[in-house]
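*Asks:* For reference, the file upload-v9.cif (mmCIF, C-alpha atoms) is included below:
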```
data_start
loop_
_atom_site.label_atom_id
_atom_site.label_comp_id
_atom_site.auth_asym_id
_atom_site.auth_seq_id
_atom_site.Cartn_x
_atom_site.Cartn_y
_atom_site.Cartn_z
CA MET E 190 84.93 40.38 -4.38
CA LYS E 191 87.55 43.01 -3.61
CA LEU E 192 89.87 40.31 -2.23
CA SER E 193 89.49 38.23 -5.41
CA TYR E 194 90.29 41.28 -7.53
CA LEU E 195 93.42 41.98 -5.50
CA CYS E 196 94.56 38.34 -5.83
CA ILE E 197 94.13 38.48 -9.61
CA MET E 198 96.11 41.72 -9.82
CA PHE E 199 98.86 40.26 -7.63
CA PHE E 200 99.26 37.20 -9.84
CA LEU E 201 99.30 39.35 -12.97
CA TYR E 202 101.99 41.50 -11.37
CA LEU E 203 104.00 38.41 -10.40
CA SER E 204 103.63 37.02 -13.93
CA ASN E 205 104.99 40.26 -15.39
CA ILE E 206 108.00 40.10 -13.07
CA ILE E 207 108.77 36.51 -14.11
CA THR E 208 108.37 37.42 -17.80
CA ALA E 209 110.73 40.36 -17.38
CA GLN E 210 113.28 38.19 -15.61
CA GLU E 211 113.13 35.65 -18.43
CA LYS E 212 113.68 38.40 -21.00
CA ASP E 213 116.66 39.66 -19.03
CA THR E 214 118.32 36.24 -18.87
CA ILE E 215 120.07 34.31 -21.63
CA THR E 216 121.01 30.66 -21.41
CA VAL E 217 124.25 29.43 -22.92
CA LEU E 218 124.89 25.75 -23.66
CA LEU E 219 128.46 24.48 -24.01
CA ILE E 220 128.94 21.20 -25.90
CA GLY E 221 132.39 19.70 -26.27
CA ASP E 222 135.18 17.42 -25.14
CA SER E 223 137.51 17.40 -22.13
CA THR E 224 138.86 20.86 -22.94
CA THR E 225 135.33 22.14 -22.34
CA LYS E 226 134.66 19.91 -19.34
CA GLY E 227 137.76 20.79 -17.28
CA ALA E 228 137.96 17.55 -15.31
CA THR E 229 141.36 18.10 -13.65
CA PRO E 230 140.68 21.64 -12.35
CA ARG E 231 137.32 20.46 -11.01
CA ARG E 232 138.98 17.54 -9.25
CA VAL E 233 141.93 19.44 -7.85
CA LYS E 234 140.04 22.65 -7.03
CA PRO E 235 136.37 21.67 -6.67
CA ASN E 236 135.52 25.04 -5.15
CA GLY E 237 137.29 26.98 -7.88
CA ILE E 238 135.63 29.30 -10.37
CA HIS E 239 135.22 26.98 -13.35
CA LEU E 240 134.24 27.76 -16.93
CA GLU E 241 130.49 28.16 -16.38
CA GLU E 242 130.96 30.37 -13.32
CA THR E 243 133.62 32.43 -15.08
CA ILE E 244 131.26 33.23 -17.95
CA GLU E 245 128.37 33.97 -15.60
CA GLN E 246 130.38 36.13 -13.22
CA LEU E 247 132.24 38.13 -15.87
CA SER E 248 128.97 38.72 -17.73
CA ALA E 249 127.48 40.12 -14.52
CA LEU E 250 130.20 42.79 -14.49
CA GLU E 251 129.05 44.14 -17.87
CA PRO E 252 126.39 46.82 -17.21
CA PHE E 253 124.47 46.34 -20.45
CA MET E 254 124.48 42.54 -20.59
CA PRO E 255 121.53 40.45 -19.42
CA THR E 256 122.01 37.80 -16.77
CA VAL E 257 123.80 34.79 -18.25
CA ARG E 258 123.21 31.20 -17.18
CA VAL E 259 125.55 28.52 -18.50
CA ILE E 260 125.00 24.78 -18.95
CA ASN E 261 128.15 22.75 -19.58
CA SER E 262 127.41 19.48 -21.40
CA SER E 263 130.76 17.95 -22.29
CA GLN E 264 132.59 14.65 -22.12
CA GLY E 265 136.27 13.74 -22.05
CA GLY E 266 137.54 11.82 -25.09
CA GLU E 267 134.51 12.75 -27.16
CA THR E 268 134.43 13.47 -30.90
CA ALA E 269 131.84 15.15 -33.11
CA LEU E 270 130.68 11.66 -34.06
CA ALA E 271 130.88 10.00 -30.64
CA VAL E 272 128.61 12.52 -28.92
CA VAL E 273 125.76 11.15 -31.05
CA GLU E 274 126.79 7.51 -31.49
CA SER E 275 127.41 7.02 -27.77
CA GLY E 276 123.85 8.06 -27.01
CA ARG E 277 124.97 11.01 -24.89
CA TYR E 278 123.35 13.53 -27.22
CA LYS E 279 119.97 11.82 -26.95
CA LYS E 280 120.25 11.35 -23.19
CA GLU E 281 121.81 14.63 -22.03
CA ILE E 282 121.56 17.27 -24.75
CA TYR E 283 118.32 16.60 -26.64
CA PRO E 284 116.16 16.91 -23.47
CA LEU E 285 117.43 20.49 -23.03
CA ARG E 286 115.25 21.50 -25.99
CA GLU E 287 112.46 21.87 -23.44
CA ARG E 288 114.30 24.88 -22.08
CA ARG E 289 114.93 28.17 -23.81
CA ILE E 290 118.53 27.93 -25.03
CA ASP E 291 119.81 31.17 -26.56
CA TYR E 292 123.40 30.32 -27.53
CA ILE E 293 125.01 26.95 -28.19
CA PHE E 294 128.82 26.79 -28.44
CA VAL E 295 130.17 23.58 -30.00
CA ARG E 296 133.87 22.70 -29.68
CA TYR E 297 135.23 19.46 -31.12
CA GLY E 298 138.29 18.56 -33.14
CA ILE E 299 141.05 17.46 -30.77
CA ASN E 300 139.95 13.87 -30.29
CA ASP E 301 138.85 13.82 -33.92
CA TRP E 302 142.46 14.58 -34.86
CA PHE E 303 143.65 11.55 -32.95
CA LYS E 304 140.80 9.16 -33.80
CA CYS E 305 139.80 9.85 -37.41
CA LYS E 306 141.55 7.65 -39.95
CA ASN E 307 141.14 10.36 -42.60
CA LEU E 308 140.61 13.66 -40.82
CA LYS E 309 139.88 15.75 -43.93
CA ASN E 310 137.18 13.37 -45.10
CA GLU E 311 135.64 12.28 -41.81
CA PHE E 312 135.79 15.22 -39.42
CA PRO E 313 134.04 17.88 -41.56
CA GLU E 314 131.20 15.49 -42.34
CA ASN E 315 130.84 14.45 -38.70
CA LEU E 316 130.91 18.04 -37.47
CA LYS E 317 128.45 19.21 -40.12
CA SER E 318 126.08 16.34 -39.28
CA LEU E 319 126.21 17.22 -35.57
CA LEU E 320 125.64 20.93 -36.20
CA GLU E 321 122.69 20.19 -38.48
CA LYS E 322 121.21 17.95 -35.80
CA ILE E 323 121.58 20.65 -33.14
CA LYS E 324 120.14 23.26 -35.52
CA THR E 325 117.07 21.09 -36.09
CA ASP E 326 116.54 20.33 -32.41
CA PHE E 327 117.23 23.89 -31.19
CA PRO E 328 115.91 26.08 -34.03
CA GLU E 329 115.67 29.24 -31.91
CA ALA E 330 119.24 29.08 -30.59
CA ASN E 331 122.28 30.86 -32.00
CA LEU E 332 124.51 27.96 -33.05
CA ILE E 333 128.22 28.77 -32.82
CA PRO E 334 131.02 26.35 -33.75
CA MET E 335 134.35 27.07 -32.06
CA THR E 336 137.96 26.51 -32.98
CA ILE E 337 139.97 24.26 -30.68
CA VAL E 338 142.45 25.52 -28.09
CA PRO E 339 146.19 24.80 -28.55
CA PHE E 340 146.55 21.16 -27.55
CA MET E 341 148.67 19.54 -30.23
CA PRO E 342 151.51 21.48 -31.90
CA PHE E 343 150.31 24.74 -33.43
CA ASP E 344 150.49 23.54 -37.05
CA GLU E 345 148.34 20.49 -36.27
CA CYS E 346 145.77 22.58 -34.37
CA GLU E 347 145.59 24.97 -37.30
CA GLN E 348 144.85 22.11 -39.70
CA VAL E 349 141.87 21.15 -37.53
CA ASN E 350 140.74 24.76 -37.24
CA GLU E 351 140.84 25.24 -41.01
CA LEU E 352 138.33 22.38 -41.34
CA ILE E 353 136.10 23.87 -38.63
CA THR E 354 136.20 27.23 -40.41
CA GLU E 355 135.24 25.63 -43.71
CA VAL E 356 132.24 23.89 -42.14
CA ALA E 357 131.10 27.11 -40.44
CA GLN E 358 131.35 29.02 -43.72
CA GLU E 359 129.52 26.31 -45.65
CA MET E 360 126.67 26.33 -43.13
CA ASN E 361 126.68 30.13 -42.89
CA LEU E 362 127.29 30.01 -39.14
CA THR E 363 129.15 32.61 -37.09
CA MET E 364 132.31 31.01 -35.70
CA PHE E 365 133.94 31.81 -32.39
CA ASP E 366 137.72 31.71 -32.76
CA ILE E 367 139.10 30.92 -29.31
CA TYR E 368 142.35 29.55 -30.75
CA THR E 369 143.87 32.89 -31.77
CA PRO E 370 143.70 34.69 -28.38
CA TYR E 371 144.61 31.47 -26.54
CA LYS E 372 147.67 30.90 -28.74
CA LYS E 373 148.69 34.55 -28.28
CA ALA E 374 148.49 34.16 -24.50
CA VAL E 375 150.52 30.93 -24.60
CA VAL E 376 153.22 32.48 -26.77
CA GLU E 377 153.46 35.56 -24.56
CA SER E 378 153.30 33.78 -21.19
CA GLY E 379 155.19 30.57 -21.94
CA PRO E 380 154.06 27.10 -23.08
CA ASP E 381 153.31 25.78 -19.58
CA THR E 382 151.30 28.70 -18.19
CA TYR E 383 147.81 27.62 -19.23
CA HIS E 384 147.78 23.84 -18.80
CA VAL E 385 147.44 21.37 -15.96
CA ARG E 386 150.26 19.14 -14.68
CA ARG E 387 150.06 15.38 -14.44
CA ILE E 388 152.46 12.48 -13.91
CA GLU E 389 152.10 8.85 -12.89
CA LEU E 390 153.26 8.42 -9.31
CA ASN E 391 155.45 5.45 -10.20
CA LYS E 392 157.53 7.72 -12.45
CA VAL E 393 158.48 9.91 -9.49
CA ASP E 394 161.27 9.09 -7.02
CA LYS E 395 159.83 7.08 -4.12
CA LYS E 396 161.16 9.51 -1.54
CA TYR E 397 158.51 12.00 -2.70
CA HIS E 398 155.54 9.59 -2.64
CA GLY E 399 154.46 10.28 0.94
CA TRP E 400 154.91 14.01 0.58
CA LEU E 401 152.87 14.01 -2.64
CA LYS E 402 149.94 12.14 -1.09
CA PRO E 403 147.70 15.25 -0.90
CA TYR E 404 148.19 15.71 -4.65
CA THR E 405 147.80 12.04 -5.62
CA TYR E 406 144.59 10.72 -7.17
CA ASP E 407 143.19 7.49 -8.53
CA TYR E 408 143.12 7.70 -12.29
CA LYS E 409 141.79 5.46 -15.03
CA GLN E 410 142.96 5.68 -18.61
CA LYS E 411 142.25 3.19 -21.38
CA GLY E 412 141.10 0.64 -18.82
CA LYS E 413 144.26 1.01 -16.76
CA ASN E 414 144.04 2.05 -13.10
CA MET E 415 146.92 4.09 -11.74
CA LYS E 416 147.95 6.66 -9.19
CA VAL E 417 148.74 10.08 -10.61
CA VAL E 418 149.95 13.39 -9.22
CA LEU E 419 147.79 16.28 -10.44
CA ALA E 420 148.17 20.04 -10.16
CA ASP E 421 146.26 22.93 -11.66
CA ASP E 422 149.16 25.36 -11.47
CA ASN E 423 152.95 25.57 -11.22
CA SER E 424 153.14 25.08 -7.44
CA LEU E 425 154.83 21.66 -7.74
CA ASP E 426 157.09 22.60 -10.65
CA PRO E 427 160.16 23.15 -8.43
CA ILE E 428 159.99 19.49 -7.34
CA LEU E 429 158.46 17.71 -10.32
CA GLY E 430 159.63 19.99 -13.12
CA LYS E 431 162.70 17.81 -13.66
CA TYR E 432 160.43 15.06 -15.03
CA LYS E 433 159.54 15.79 -18.66
CA ALA E 434 156.26 13.87 -18.32
CA TRP E 435 155.07 16.42 -15.76
CA TYR E 436 154.38 18.87 -18.59
CA TYR E 437 152.91 16.49 -21.19
CA ASP E 438 149.22 17.09 -20.38
CA ARG E 439 147.97 20.03 -22.45
CA HIS E 440 144.47 20.36 -20.99
CA PRO E 441 143.64 23.88 -19.79
CA ASN E 442 144.07 24.74 -16.14
CA LEU E 443 141.89 27.30 -14.35
CA ALA E 444 143.90 30.12 -15.92
CA GLY E 445 143.14 28.61 -19.32
CA TYR E 446 139.44 28.37 -18.52
CA HIS E 447 139.38 31.93 -17.23
CA LEU E 448 140.86 32.97 -20.58
CA ILE E 449 138.19 30.97 -22.45
CA GLY E 450 135.50 32.44 -20.20
CA TYR E 451 136.71 35.99 -20.71
CA GLU E 452 136.84 35.62 -24.48
CA THR E 453 133.37 34.02 -24.47
CA VAL E 454 131.94 37.05 -22.68
CA GLU E 455 133.67 39.39 -25.14
CA PHE E 456 132.13 37.40 -28.00
CA LEU E 457 128.65 37.50 -26.42
CA LYS E 458 128.90 41.25 -25.86
CA LYS E 459 129.27 41.79 -29.62
CA LYS E 460 126.43 39.37 -30.43
CA ILE E 461 123.98 40.83 -27.91
CA LYS E 462 124.45 44.49 -28.89
#
```
Go ahead and express the file in the form of structure tokens.
*Replies:*
Amino acid sequence: MKLSYLCIMFFLYLSNIITAQEKDTITVLLIGDSTTKGATPRRVKPNGIHLEETIEQLSALEPFMPTVRVINSSQGGETALAVVESGRYKKEIYPLRERRIDYIFVRYGINDWFKCKNLKNEFPENLKSLLEKIKTDFPEANLIPMTIVPFMPFDECEQVNELITEVAQEMNLTMFDIYTPYKKAVVESGPDTYHVRRIELNKVDKKYHGWLKPYTYDYKQKGKNMKVVLADDNSLDPILGKYKAWYYDRHPNLAGYHLIGYETVEFLKKKIK
């Protein structure tokens, strides 16, 4: 009898510990395109501290923040419409409703800029429809649309961000403006500081091909297979910087994702207080 009583008390104690741990942990879901995914940094530096880890680790340094766990559900080339129409939402995002998701950050707009025939008419409706769907499926979560990072020229990015802002205001959602601090950092540090480098191998002098082998990857774009040289930083700039195409890719590098991660934690600190 005494043993049974002790077992019951132990399980109650264990249950209280688990409940406390759950209360002291928040789960963040990131939904977005390639600028959320970070494919090149993950490929070039697979053991690097990527966006999810950056948010989790920087949050852990804040004494009054709960433990943060981050789920990154993103896809290169995706739009606010394609995430649903492709079936990815139903397959990868909708099942997460079974978990407790506390914050959902949604960042689309770059591919929408390139793919929408009439951006002002199509993109706001597509984004609003997606946000309403997420709100219905995750009613307990804090839904937070984000501005895009500088990818196109500033004026074009700002046109997209104006539309995102309008949708957020219409839906009475708190928006996370990542664009402003990211643009400030780019202006202060130089246009090439926060993006990856990429060039097709066949555009580089052949004498470098063998030497560049450690940095050369198989790459597929629009159904075309090619060999490309990839870098997450400026280490190859002294050799490849003479090729203009080396700087064309505007996706964030690890420095860019560390900036996004830092700003995300700063945003969460204000929301959690």
*Asks:* For region 319-368 of chain E against region 265-280 of chain E, with a cut-off of 10 Å and counting all atoms listed in the file, what is the closest atom pair and its distance in Å to one decimal for every residue that makes the cut, ordered by chain and number, as CSV?
*Replies:*
```
residue,atom,partner,partner_atom,distance
E:Leu319,CA,E:Ala269,CA,6.5
E:Leu320,CA,E:Ala269,CA,9.0
E:Lys322,CA,E:Val273,CA,9.5
E:Ile323,CA,E:Tyr278,CA,9.4
```
*Asks:* When distances are computed from only C-alpha atoms, which of E:Ile299, E:Leu448, E:Ile290, E:Leu362 shows the smallest separation from Gly221 (chain E)?
*Replies:*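 Selected residue with least distance to Gly221 (chain E): E:Ile299.
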*Asks:* Kindly resolve the PyMOL selection byres ((chain E and resi 254) around 9) on the present coordinates and return the residues as a list in words.
*Replies:* Asp213, Thr214, Ser248, Ala249, Leu250, Glu251, Pro252, Phe253, Pro255, Thr256, Val257, Leu457, Lys458, Ile461 and Lys462 of chain E
*Asks:* Report, in Å with one decimal, the straight-line distance from CA of Val338 (chain E) to CA of Asp326 (chain E).
*Replies:*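 Computed distance, CA of Val338 (chain E) to CA of Asp326 (chain E), equals 26.8 Å.
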*Asks:* Counting only C-alpha atoms, which residues have an atom no more than 10 Å from (142.9, 15.8, -39.0) in the file's coordinates? Please list them as a ChimeraX atom specification.
*Replies:* /E:298-313,345-352
*Asks:* Closest to Asn414 (chain E) among E:Gln358, E:Gly399, E:Leu247, E:Glu389, using only C-alpha atoms?
*Replies:* E:Glu389
*Asks:* Give the centre and edge lengths of an axis-aligned box, in Å to one decimal, that holds all listed atoms of region 452-456 of chain E with 4 Å on each side, as lines of an AutoDock Vina configuration file.
*Replies:*
```
center_x = 134.4
center_y = 36.7
center_z = -25.3
size_x = 12.9
size_y = 13.4
size_z = 13.3
```
*Asks:* Expressed in Å to a single decimal, how great is the separation between CA of Pro441 (chain E) and CA of Pro284 (chain E)?
*Replies:*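 Separation of CA of Pro441 (chain E) and CA of Pro284 (chain E): 28.6 Å.
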*Asks:* Which protein, DNA or RNA residues are at most 8 Å from (136.5, 33.4, -17.5) in the file's coordinates when you count only C-alpha atoms, listed as an NGL selection string?
*Replies:* :E and (239-240 or 242-244 or 246-247 or 446-454)
